[in-house]
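This is target.pdb (PDB, C-alpha atoms and all ligand atoms).
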ATOM      1  CA  MET A   1     163.814 129.028 122.130
ATOM      2  CA  ILE A   2     162.218 126.236 124.226
ATOM      3  CA  LYS A   3     162.679 123.897 121.261
ATOM      4  CA  SER A   4     166.375 124.646 120.822
ATOM      5  CA  MET A   5     166.911 124.409 124.569
ATOM      6  CA  TRP A   6     165.467 120.879 124.670
ATOM      7  CA  ASP A   7     167.200 119.875 121.425
ATOM      8  CA  ASN A   8     170.473 120.844 123.120
ATOM      9  CA  VAL A   9     169.611 118.872 126.270
ATOM     10  CA  TYR A  10     168.966 115.749 124.188
ATOM     11  CA  ASN A  11     171.874 116.183 121.757
ATOM     12  CA  THR A  12     173.964 113.375 123.262
ATOM     13  CA  GLU A  13     174.084 109.595 122.992
ATOM     14  CA  GLN A  14     173.061 109.350 126.627
ATOM     15  CA  TYR A  15     169.361 109.121 127.544
ATOM     16  CA  MET A  16     168.922 112.029 129.942
ATOM     17  CA  TYR A  17     165.905 110.426 131.689
ATOM     18  CA  GLY A  18     167.099 106.874 131.187
ATOM     19  CA  LYS A  19     165.652 104.062 129.098
ATOM     20  CA  GLN A  20     163.499 102.601 131.860
ATOM     21  CA  ALA A  21     159.923 103.794 132.296
ATOM     22  CA  ASN A  22     158.835 106.164 135.033
ATOM     23  CA  GLU A  23     158.189 104.322 138.320
ATOM     24  CA  PHE A  24     154.637 105.663 138.777
ATOM     25  CA  LEU A  25     153.702 104.561 135.259
ATOM     26  CA  LYS A  26     155.243 101.119 135.802
ATOM     27  CA  SER A  27     153.184 100.629 138.966
ATOM     28  CA  ASN A  28     149.907 101.910 137.538
ATOM     29  CA  TYR A  29     149.815 101.301 133.775
ATOM     30  CA  GLU A  30     147.058  98.702 134.208
ATOM     31  CA  GLN A  31     144.688 101.596 134.971
ATOM     32  CA  LEU A  32     145.062 102.659 131.330
ATOM     33  CA  PRO A  33     142.428 101.062 129.090
ATOM     34  CA  LYS A  34     143.948  98.980 126.310
ATOM     35  CA  GLY A  35     143.859 101.183 123.217
ATOM     36  CA  ASN A  36     145.434 104.362 121.952
ATOM     37  CA  ILE A  37     147.508 106.388 124.365
ATOM     38  CA  LEU A  38     148.808 109.936 123.945
ATOM     39  CA  MET A  39     152.098 110.697 125.706
ATOM     40  CA  LEU A  40     152.546 114.414 126.434
ATOM     41  CA  ALA A  41     156.083 115.880 126.366
ATOM     42  CA  GLU A  42     157.446 112.355 125.956
ATOM     43  CA  GLY A  43     161.034 113.325 125.120
ATOM     44  CA  GLU A  44     163.302 110.340 124.507
ATOM     45  CA  GLY A  45     160.518 107.767 124.599
ATOM     46  CA  ARG A  46     161.165 105.601 127.659
ATOM     47  CA  ASN A  47     157.481 105.609 128.698
ATOM     48  CA  ALA A  48     156.116 105.277 125.162
ATOM     49  CA  VAL A  49     158.293 102.234 124.488
ATOM     50  CA  PHE A  50     157.274 100.667 127.806
ATOM     51  CA  LEU A  51     153.575 100.917 126.886
ATOM     52  CA  ALA A  52     154.113  99.853 123.265
ATOM     53  CA  LYS A  53     155.816  96.667 124.498
ATOM     54  CA  LEU A  54     152.640  95.947 126.493
ATOM     55  CA  GLY A  55     150.493  96.185 123.370
ATOM     56  CA  TYR A  56     149.250  99.775 123.613
ATOM     57  CA  GLN A  57     149.109 101.954 120.483
ATOM     58  CA  VAL A  58     151.236 104.903 121.458
ATOM     59  CA  THR A  59     151.580 108.427 120.111
ATOM     60  CA  ALA A  60     154.388 110.511 121.614
ATOM     61  CA  VAL A  61     154.281 114.310 121.349
ATOM     62  CA  ASP A  62     157.220 116.558 122.129
ATOM     63  CA  ILE A  63     158.706 119.866 121.052
ATOM     64  CA  SER A  64     162.163 118.325 120.537
ATOM     65  CA  GLU A  65     162.838 116.474 117.278
ATOM     66  CA  VAL A  66     166.194 115.397 118.724
ATOM     67  CA  GLY A  67     164.384 113.776 121.659
ATOM     68  CA  LEU A  68     161.829 112.096 119.405
ATOM     69  CA  GLU A  69     164.578 110.759 117.129
ATOM     70  CA  LYS A  70     166.004 109.015 120.204
ATOM     71  CA  ALA A  71     162.493 107.781 121.051
ATOM     72  CA  ARG A  72     162.142 106.157 117.625
ATOM     73  CA  LYS A  73     165.595 104.600 118.009
ATOM     74  CA  LEU A  74     164.650 103.183 121.412
ATOM     75  CA  ALA A  75     161.440 101.778 119.907
ATOM     76  CA  THR A  76     163.379 100.073 117.115
ATOM     77  CA  GLN A  77     165.862  98.614 119.620
ATOM     78  CA  ASN A  78     162.894  97.158 121.492
ATOM     79  CA  GLY A  79     161.130  95.825 118.407
ATOM     80  CA  VAL A  80     158.058  98.050 118.731
ATOM     81  CA  GLU A  81     156.517 100.908 116.775
ATOM     82  CA  ILE A  82     155.452 104.264 118.159
ATOM     83  CA  GLU A  83     154.058 107.307 116.410
ATOM     84  CA  THR A  84     155.870 110.562 117.088
ATOM     85  CA  ILE A  85     154.647 114.119 116.585
ATOM     86  CA  CYS A  86     157.065 117.027 116.928
ATOM     87  CA  THR A  87     155.103 120.089 117.942
ATOM     88  CA  ASP A  88     154.699 122.710 120.630
ATOM     89  CA  LEU A  89     151.870 121.637 122.949
ATOM     90  CA  ALA A  90     150.671 125.240 122.726
ATOM     91  CA  HIS A  91     149.465 124.509 119.195
ATOM     92  CA  PHE A  92     148.657 120.804 119.354
ATOM     93  CA  ASP A  93     145.092 119.747 118.614
ATOM     94  CA  LEU A  94     144.470 116.746 120.892
ATOM     95  CA  GLY A  95     141.094 116.110 119.260
ATOM     96  CA  PHE A  96     137.715 115.342 120.800
ATOM     97  CA  GLN A  97     137.071 112.040 122.624
ATOM     98  CA  GLN A  98     140.001 110.554 120.763
ATOM     99  CA  TRP A  99     142.243 108.845 123.336
ATOM    100  CA  ASP A 100     141.721 105.887 125.660
ATOM    101  CA  GLY A 101     144.491 107.266 127.812
ATOM    102  CA  ILE A 102     146.752 110.274 128.161
ATOM    103  CA  VAL A 103     150.058 110.100 130.033
ATOM    104  CA  SER A 104     151.867 113.154 131.373
ATOM    105  CA  ILE A 105     155.176 112.451 133.099
ATOM    106  CA  PHE A 106     157.190 115.483 134.186
ATOM    107  CA  CYS A 107     155.444 117.700 131.633
ATOM    108  CA  HIS A 108     156.103 121.106 133.164
ATOM    109  CA  LEU A 109     154.772 124.118 131.290
ATOM    110  CA  PRO A 110     154.094 127.796 132.004
ATOM    111  CA  ALA A 111     150.782 128.122 133.875
ATOM    112  CA  ALA A 112     148.703 129.616 131.045
ATOM    113  CA  LEU A 113     149.830 126.927 128.611
ATOM    114  CA  ARG A 114     149.278 124.195 131.196
ATOM    115  CA  GLN A 115     145.706 125.406 131.825
ATOM    116  CA  SER A 116     144.949 125.470 128.115
ATOM    117  CA  LEU A 117     146.463 122.005 127.686
ATOM    118  CA  TYR A 118     144.509 120.502 130.590
ATOM    119  CA  HIS A 119     141.297 121.910 129.112
ATOM    120  CA  ARG A 120     142.149 120.144 125.838
ATOM    121  CA  VAL A 121     143.040 116.951 127.743
ATOM    122  CA  GLU A 122     139.546 116.835 129.277
ATOM    123  CA  ARG A 123     137.946 117.139 125.838
ATOM    124  CA  ALA A 124     140.340 114.692 124.206
ATOM    125  CA  LEU A 125     139.767 111.707 126.491
ATOM    126  CA  LYS A 126     137.156 109.191 125.419
ATOM    127  CA  PRO A 127     134.368 108.515 127.928
ATOM    128  CA  LYS A 128     135.979 106.402 130.706
ATOM    129  CA  GLY A 129     139.382 107.403 129.343
ATOM    130  CA  VAL A 130     142.181 107.775 131.860
ATOM    131  CA  LEU A 131     144.788 110.454 132.556
ATOM    132  CA  LEU A 132     147.918 109.220 134.354
ATOM    133  CA  ILE A 133     150.092 112.080 135.578
ATOM    134  CA  GLU A 134     153.171 112.697 137.692
ATOM    135  CA  GLY A 135     155.078 115.923 138.149
ATOM    136  CA  TYR A 136     157.058 117.919 140.641
ATOM    137  CA  THR A 137     155.288 120.131 143.183
ATOM    138  CA  PRO A 138     156.538 123.626 144.168
ATOM    139  CA  GLU A 139     158.192 121.963 147.174
ATOM    140  CA  GLN A 140     160.699 120.508 144.695
ATOM    141  CA  LEU A 141     162.420 123.905 144.687
ATOM    142  CA  ASN A 142     163.861 122.875 148.088
ATOM    143  CA  TYR A 143     165.613 119.899 146.506
ATOM    144  CA  ASN A 144     168.476 119.773 144.077
ATOM    145  CA  SER A 145     167.301 116.750 142.138
ATOM    146  CA  GLY A 146     165.739 118.090 138.935
ATOM    147  CA  GLY A 147     162.676 119.852 137.591
ATOM    148  CA  PRO A 148     162.060 123.386 136.370
ATOM    149  CA  PRO A 149     163.552 126.293 138.315
ATOM    150  CA  VAL A 150     160.285 128.168 138.935
ATOM    151  CA  ALA A 151     157.203 127.389 141.045
ATOM    152  CA  GLU A 152     154.885 128.573 138.256
ATOM    153  CA  MET A 153     155.725 125.481 136.213
ATOM    154  CA  MET A 154     155.184 123.006 139.041
ATOM    155  CA  ILE A 155     151.916 121.164 139.661
ATOM    156  CA  SER A 156     150.102 120.082 142.820
ATOM    157  CA  LYS A 157     146.944 118.376 144.041
ATOM    158  CA  SER A 158     145.108 121.695 144.187
ATOM    159  CA  ILE A 159     146.217 122.685 140.668
ATOM    160  CA  LEU A 160     145.148 119.350 139.200
ATOM    161  CA  THR A 161     141.706 119.395 140.808
ATOM    162  CA  ALA A 162     141.150 123.056 139.885
ATOM    163  CA  GLU A 163     142.361 122.771 136.296
ATOM    164  CA  LEU A 164     140.850 119.349 135.491
ATOM    165  CA  PRO A 165     137.409 119.878 137.054
ATOM    166  CA  HIS A 166     135.580 117.447 134.769
ATOM    167  CA  LEU A 167     137.767 114.437 135.587
ATOM    168  CA  HIS A 168     137.282 112.160 138.592
ATOM    169  CA  PHE A 169     140.506 111.376 140.470
ATOM    170  CA  SER A 170     140.653 107.825 141.814
ATOM    171  CA  LEU A 171     144.171 108.556 143.060
ATOM    172  CA  LEU A 172     145.686 111.930 143.872
ATOM    173  CA  GLN A 173     148.615 112.260 146.227
ATOM    174  CA  GLU A 174     151.599 114.416 147.008
ATOM    175  CA  LEU A 175     154.651 112.647 148.363
ATOM    176  CA  GLN A 176     158.405 112.651 148.578
ATOM    177  CA  ARG A 177     160.083 109.856 146.676
ATOM    178  CA  GLU A 178     163.490 108.911 145.345
ATOM    179  CA  VAL A 179     163.310 109.771 141.654
ATOM    180  CA  ILE A 180     166.165 107.910 140.001
ATOM    181  CA  GLU A 181     165.207 108.414 136.356
ATOM    182  CA  GLY A 182     168.303 109.451 134.402
ATOM    183  CA  ILE A 183     170.928 112.020 135.298
ATOM    184  CA  ASN A 184     168.467 114.910 134.999
ATOM    185  CA  HIS A 185     166.118 113.461 137.627
ATOM    186  CA  SER A 186     168.185 111.990 140.377
ATOM    187  CA  GLY A 187     167.488 112.061 144.090
ATOM    188  CA  LEU A 188     164.796 112.717 146.630
ATOM    189  CA  GLY A 189     162.002 114.731 145.060
ATOM    190  CA  ALA A 190     158.579 116.188 145.862
ATOM    191  CA  VAL A 191     155.956 114.936 143.427
ATOM    192  CA  VAL A 192     152.230 114.818 142.818
ATOM    193  CA  GLN A 193     150.753 111.683 141.272
ATOM    194  CA  GLY A 194     147.278 111.331 139.845
ATOM    195  CA  ILE A 195     144.988 108.922 138.035
ATOM    196  CA  ALA A 196     141.875 110.595 136.706
ATOM    197  CA  HIS A 197     138.907 109.311 134.754
ATOM    198  CA  ALA A 198     136.649 110.941 132.188
ATOM    199  CA  LYS A 199     132.894 110.504 132.741
TER
HETATM  200  C1  LIG B   1     161.523 116.727 131.989
HETATM  201  S1  LIG B   1     161.360 116.249 130.289
HETATM  202  C2  LIG B   1     160.347 114.817 130.487
HETATM  203  C3  LIG B   1     160.400 113.878 129.328
HETATM  204  C4  LIG B   1     159.588 112.601 129.490
HETATM  205  N1  LIG B   1     158.194 112.871 129.787
HETATM  206  C5  LIG B   1     160.189 111.688 130.528
HETATM  207  O1  LIG B   1     159.673 111.675 131.652
HETATM  208  O2  LIG B   1     161.169 111.008 130.225
HETATM  209  C6  LIG B   1     160.216 117.492 129.718
HETATM  210  C7  LIG B   1     159.838 117.389 128.242
HETATM  211  O3  LIG B   1     158.918 118.428 127.915
HETATM  212  C8  LIG B   1     159.126 118.800 126.577
HETATM  213  N2  LIG B   1     158.501 120.124 126.372
HETATM  214  C9  LIG B   1     158.753 121.259 127.055
HETATM  215  N3  LIG B   1     157.970 122.263 126.628
HETATM  216  C10 LIG B   1     157.181 121.731 125.633
HETATM  217  C11 LIG B   1     156.160 122.267 124.799
HETATM  218  N4  LIG B   1     155.779 123.545 124.887
HETATM  219  N5  LIG B   1     155.567 121.440 123.905
HETATM  220  C12 LIG B   1     155.943 120.131 123.807
HETATM  221  N6  LIG B   1     156.910 119.575 124.585
HETATM  222  C13 LIG B   1     157.516 120.363 125.488
HETATM  223  C14 LIG B   1     160.631 118.799 126.443
HETATM  224  O4  LIG B   1     161.086 118.732 125.117
HETATM  225  C15 LIG B   1     160.998 117.560 127.273
HETATM  226  O5  LIG B   1     161.083 116.417 126.451
END

Could I get this file's structure written as structure tokens?
Ligand SMILES: C[S@@+](CC[C@H](N)C(=O)[O-])C[C@H]1O[C@@H](n2cnc3c(N)ncnc32)[C@H](O)[C@@H]1O
Amino acid sequence: MIKSMWDNVYNTEQYMYGKQANEFLKSNYEQLPKGNILMLAEGEGRNAVFLAKLGYQVTAVDISEVGLEKARKLATQNGVEIETICTDLAHFDLGFQQWDGIVSIFCHLPAALRQSLYHRVERALKPKGVLLIEGYTPEQLNYNSGGPPVAEMMISKSILTAELPHLHFSLLQELQREVIEGINHSGLGAVVQGIAHAK
């Protein structure tokens, strides 16, 4: 059901989150070690293509094959290659000490799945690997600018520190910012941003 919902969202020529990378990623990508990067819930590929153009080896995971098809098309248009994996993050084996970096931009999941995923993220980062994450906080429910409709799927500073206890956050902040990233994310929003490091 989640898969068909997202396939429907993406079943248009238009890029629902735009073709430009997320602003937080653009400002902070240099924190990601050069190497292989896993993009969680990457959708139409704007962030994967951005990193691939900078020389990173990028693997994009998403539940929507329609979204990932657009991601591969965007990569081709930009003259880069990305790997795509269509799967539900509930069942995805991220591996053990496998990734130099993991990127999670607006990856909003039910709480139990999120907790399980974050546990796997901690195990999957190489030593000194970096997690770069941005998502909406529960305060976003007061805005009409995008994001899931329920607080349970939002994230916050306290959720990230509680559910990623083995990572060290060099940056962790909640703020309001103008999120102008496609028609689905458009307007003032309440976000949490984090950069966290494996030991
Ligand atoms: C708000 S979009 C963000 C897409 C992308 N990260 C970006 O910022 O452009 C959320 C993405 O989560 C994906 N998604 C939702 N539930 C998922 C799940 N259980 N497993 C994998 N992907 C999922 C959707 O297909 C969608 O692409």

To test your reading of the syntax: which residues would the PyMOL selection byres (((not hetatm)) within 9 of (chain B and resi 1)) return for the file shown? Reply as a short mmCIF file (atom, residue, chain, number, x, y, z; two decimals) with C-alpha atoms, in the frame of the given file.
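Just written: expr_17.cif:
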data_model
loop_
_atom_site.label_atom_id
_atom_site.label_comp_id
_atom_site.auth_asym_id
_atom_site.auth_seq_id
_atom_site.Cartn_x
_atom_site.Cartn_y
_atom_site.Cartn_z
CA ILE A 2 162.22 126.24 124.23
CA LYS A 3 162.68 123.90 121.26
CA MET A 5 166.91 124.41 124.57
CA TRP A 6 165.47 120.88 124.67
CA ASP A 7 167.20 119.88 121.42
CA VAL A 9 169.61 118.87 126.27
CA TYR A 10 168.97 115.75 124.19
CA TYR A 15 169.36 109.12 127.54
CA MET A 16 168.92 112.03 129.94
CA TYR A 17 165.90 110.43 131.69
CA GLY A 18 167.10 106.87 131.19
CA LYS A 19 165.65 104.06 129.10
CA GLN A 20 163.50 102.60 131.86
CA ALA A 21 159.92 103.79 132.30
CA ASN A 22 158.84 106.16 135.03
CA MET A 39 152.10 110.70 125.71
CA LEU A 40 152.55 114.41 126.43
CA ALA A 41 156.08 115.88 126.37
CA GLU A 42 157.45 112.36 125.96
CA GLY A 43 161.03 113.32 125.12
CA GLU A 44 163.30 110.34 124.51
CA GLY A 45 160.52 107.77 124.60
CA ARG A 46 161.16 105.60 127.66
CA ASN A 47 157.48 105.61 128.70
CA VAL A 61 154.28 114.31 121.35
CA ASP A 62 157.22 116.56 122.13
CA ILE A 63 158.71 119.87 121.05
CA SER A 64 162.16 118.32 120.54
CA GLU A 65 162.84 116.47 117.28
CA VAL A 66 166.19 115.40 118.72
CA GLY A 67 164.38 113.78 121.66
CA LEU A 68 161.83 112.10 119.40
CA CYS A 86 157.06 117.03 116.93
CA THR A 87 155.10 120.09 117.94
CA ASP A 88 154.70 122.71 120.63
CA LEU A 89 151.87 121.64 122.95
CA ALA A 90 150.67 125.24 122.73
CA HIS A 91 149.46 124.51 119.20
CA PHE A 92 148.66 120.80 119.35
CA VAL A 103 150.06 110.10 130.03
CA SER A 104 151.87 113.15 131.37
CA ILE A 105 155.18 112.45 133.10
CA PHE A 106 157.19 115.48 134.19
CA CYS A 107 155.44 117.70 131.63
CA HIS A 108 156.10 121.11 133.16
CA LEU A 109 154.77 124.12 131.29
CA PRO A 110 154.09 127.80 132.00
CA LEU A 113 149.83 126.93 128.61
CA GLU A 134 153.17 112.70 137.69
CA GLY A 135 155.08 115.92 138.15
CA GLY A 146 165.74 118.09 138.94
CA GLY A 147 162.68 119.85 137.59
CA PRO A 148 162.06 123.39 136.37
CA GLU A 181 165.21 108.41 136.36
CA GLY A 182 168.30 109.45 134.40
CA ASN A 184 168.47 114.91 135.00
CA HIS A 185 166.12 113.46 137.63
#

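Each of A:Val130, A:Ile37, A:Leu175, A:Ile180 was compared to Ser156 in chain A using all atoms listed in the file, and A:Leu175 turns out to be the nearest.
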
Return as JSON the box centre and box size in Å, one decimal, for an axis-aligned box around all listed atoms of range 109-114 of chain A padded by 3 Å per side.
{"center_x": 151.7, "center_y": 126.9, "center_z": 131.2, "size_x": 12.1, "size_y": 11.5, "size_z": 11.3}

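Those residues positioned at most 6 Å from (138.2, 112.8, 121.6) are Gly95, Phe96, Gln97, Gln98, Trp99, Ala124, Leu125 and Lys126 of chain A, judged using all atoms listed in the file.
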
*Give me, please, the distance in Å between CA of Ala196 in chain A and CA of Val58 in chain A, quoted to one decimal.*
18.8 Å

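Interatomic distance, CA of Leu131 in chain A against CA of Ile102 in chain A: 4.8 Å.
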
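Among A:Val192, A:Val179, A:Ile82, A:Ile133, the residue with the shortest atom-to-atom distance to Leu25 in chain A, counting all atoms listed in the file, is A:Ile133.
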
Can you give me N, CA and C atoms for range 119-143 of chain A, written as a PDB file, keeping the file's coordinate frame?
ATOM      1  N   HIS A 119     142.642 121.766 129.673  1.00  0.00           N
ATOM      2  CA  HIS A 119     141.297 121.910 129.112  1.00  0.00           C
ATOM      3  C   HIS A 119     141.146 121.001 127.878  1.00  0.00           C
ATOM      4  N   ARG A 120     142.184 120.992 127.038  1.00  0.00           N
ATOM      5  CA  ARG A 120     142.149 120.144 125.838  1.00  0.00           C
ATOM      6  C   ARG A 120     142.230 118.659 126.199  1.00  0.00           C
ATOM      7  N   VAL A 121     142.949 118.345 127.287  1.00  0.00           N
ATOM      8  CA  VAL A 121     143.040 116.951 127.743  1.00  0.00           C
ATOM      9  C   VAL A 121     141.649 116.447 128.132  1.00  0.00           C
ATOM     10  N   GLU A 122     140.897 117.256 128.860  1.00  0.00           N
ATOM     11  CA  GLU A 122     139.546 116.835 129.277  1.00  0.00           C
ATOM     12  C   GLU A 122     138.678 116.516 128.072  1.00  0.00           C
ATOM     13  N   ARG A 123     138.763 117.348 127.046  1.00  0.00           N
ATOM     14  CA  ARG A 123     137.946 117.139 125.838  1.00  0.00           C
ATOM     15  C   ARG A 123     138.431 115.948 125.028  1.00  0.00           C
ATOM     16  N   ALA A 124     139.731 115.685 125.108  1.00  0.00           N
ATOM     17  CA  ALA A 124     140.340 114.692 124.206  1.00  0.00           C
ATOM     18  C   ALA A 124     140.200 113.254 124.695  1.00  0.00           C
ATOM     19  N   LEU A 125     139.942 113.071 125.987  1.00  0.00           N
ATOM     20  CA  LEU A 125     139.767 111.707 126.491  1.00  0.00           C
ATOM     21  C   LEU A 125     138.421 111.151 126.061  1.00  0.00           C
ATOM     22  N   LYS A 126     138.429 109.872 125.675  1.00  0.00           N
ATOM     23  CA  LYS A 126     137.156 109.191 125.419  1.00  0.00           C
ATOM     24  C   LYS A 126     136.396 109.058 126.737  1.00  0.00           C
ATOM     25  N   PRO A 127     135.078 108.852 126.693  1.00  0.00           N
ATOM     26  CA  PRO A 127     134.368 108.515 127.928  1.00  0.00           C
ATOM     27  C   PRO A 127     135.054 107.321 128.601  1.00  0.00           C
ATOM     28  N   LYS A 128     135.252 107.424 129.912  1.00  0.00           N
ATOM     29  CA  LYS A 128     135.979 106.402 130.706  1.00  0.00           C
ATOM     30  C   LYS A 128     137.485 106.382 130.410  1.00  0.00           C
ATOM     31  N   GLY A 129     137.941 107.300 129.588  1.00  0.00           N
ATOM     32  CA  GLY A 129     139.382 107.403 129.343  1.00  0.00           C
ATOM     33  C   GLY A 129     140.109 107.838 130.607  1.00  0.00           C
ATOM     34  N   VAL A 130     141.404 107.575 130.628  1.00  0.00           N
ATOM     35  CA  VAL A 130     142.181 107.775 131.860  1.00  0.00           C
ATOM     36  C   VAL A 130     143.385 108.685 131.616  1.00  0.00           C
ATOM     37  N   LEU A 131     143.570 109.640 132.516  1.00  0.00           N
ATOM     38  CA  LEU A 131     144.788 110.454 132.556  1.00  0.00           C
ATOM     39  C   LEU A 131     145.681 109.933 133.672  1.00  0.00           C
ATOM     40  N   LEU A 132     146.928 109.623 133.345  1.00  0.00           N
ATOM     41  CA  LEU A 132     147.918 109.220 134.354  1.00  0.00           C
ATOM     42  C   LEU A 132     148.991 110.304 134.365  1.00  0.00           C
ATOM     43  N   ILE A 133     149.215 110.898 135.531  1.00  0.00           N
ATOM     44  CA  ILE A 133     150.092 112.080 135.578  1.00  0.00           C
ATOM     45  C   ILE A 133     151.001 112.065 136.800  1.00  0.00           C
ATOM     46  N   GLU A 134     152.250 112.433 136.581  1.00  0.00           N
ATOM     47  CA  GLU A 134     153.171 112.697 137.692  1.00  0.00           C
ATOM     48  C   GLU A 134     154.005 113.918 137.353  1.00  0.00           C
ATOM     49  N   GLY A 135     154.205 114.763 138.350  1.00  0.00           N
ATOM     50  CA  GLY A 135     155.078 115.923 138.149  1.00  0.00           C
ATOM     51  C   GLY A 135     155.578 116.432 139.482  1.00  0.00           C
ATOM     52  N   TYR A 136     156.519 117.326 139.417  1.00  0.00           N
ATOM     53  CA  TYR A 136     157.058 117.919 140.641  1.00  0.00           C
ATOM     54  C   TYR A 136     156.118 118.992 141.181  1.00  0.00           C
ATOM     55  N   THR A 137     156.058 119.077 142.511  1.00  0.00           N
ATOM     56  CA  THR A 137     155.288 120.131 143.183  1.00  0.00           C
ATOM     57  C   THR A 137     156.229 121.318 143.460  1.00  0.00           C
ATOM     58  N   PRO A 138     155.672 122.469 143.853  1.00  0.00           N
ATOM     59  CA  PRO A 138     156.538 123.626 144.168  1.00  0.00           C
ATOM     60  C   PRO A 138     157.563 123.315 145.259  1.00  0.00           C
ATOM     61  N   GLU A 139     157.247 122.347 146.121  1.00  0.00           N
ATOM     62  CA  GLU A 139     158.192 121.963 147.174  1.00  0.00           C
ATOM     63  C   GLU A 139     159.517 121.456 146.602  1.00  0.00           C
ATOM     64  N   GLN A 140     159.493 121.019 145.356  1.00  0.00           N
ATOM     65  CA  GLN A 140     160.699 120.508 144.695  1.00  0.00           C
ATOM     66  C   GLN A 140     161.806 121.569 144.632  1.00  0.00           C
ATOM     67  N   LEU A 141     161.407 122.842 144.723  1.00  0.00           N
ATOM     68  CA  LEU A 141     162.420 123.905 144.687  1.00  0.00           C
ATOM     69  C   LEU A 141     163.375 123.804 145.877  1.00  0.00           C
ATOM     70  N   ASN A 142     162.979 123.067 146.928  1.00  0.00           N
ATOM     71  CA  ASN A 142     163.861 122.875 148.088  1.00  0.00           C
ATOM     72  C   ASN A 142     164.865 121.743 147.875  1.00  0.00           C
ATOM     73  N   TYR A 143     164.726 121.030 146.772  1.00  0.00           N
ATOM     74  CA  TYR A 143     165.613 119.899 146.506  1.00  0.00           C
ATOM     75  C   TYR A 143     166.510 120.254 145.316  1.00  0.00           C
TER      76      TYR A 143
END
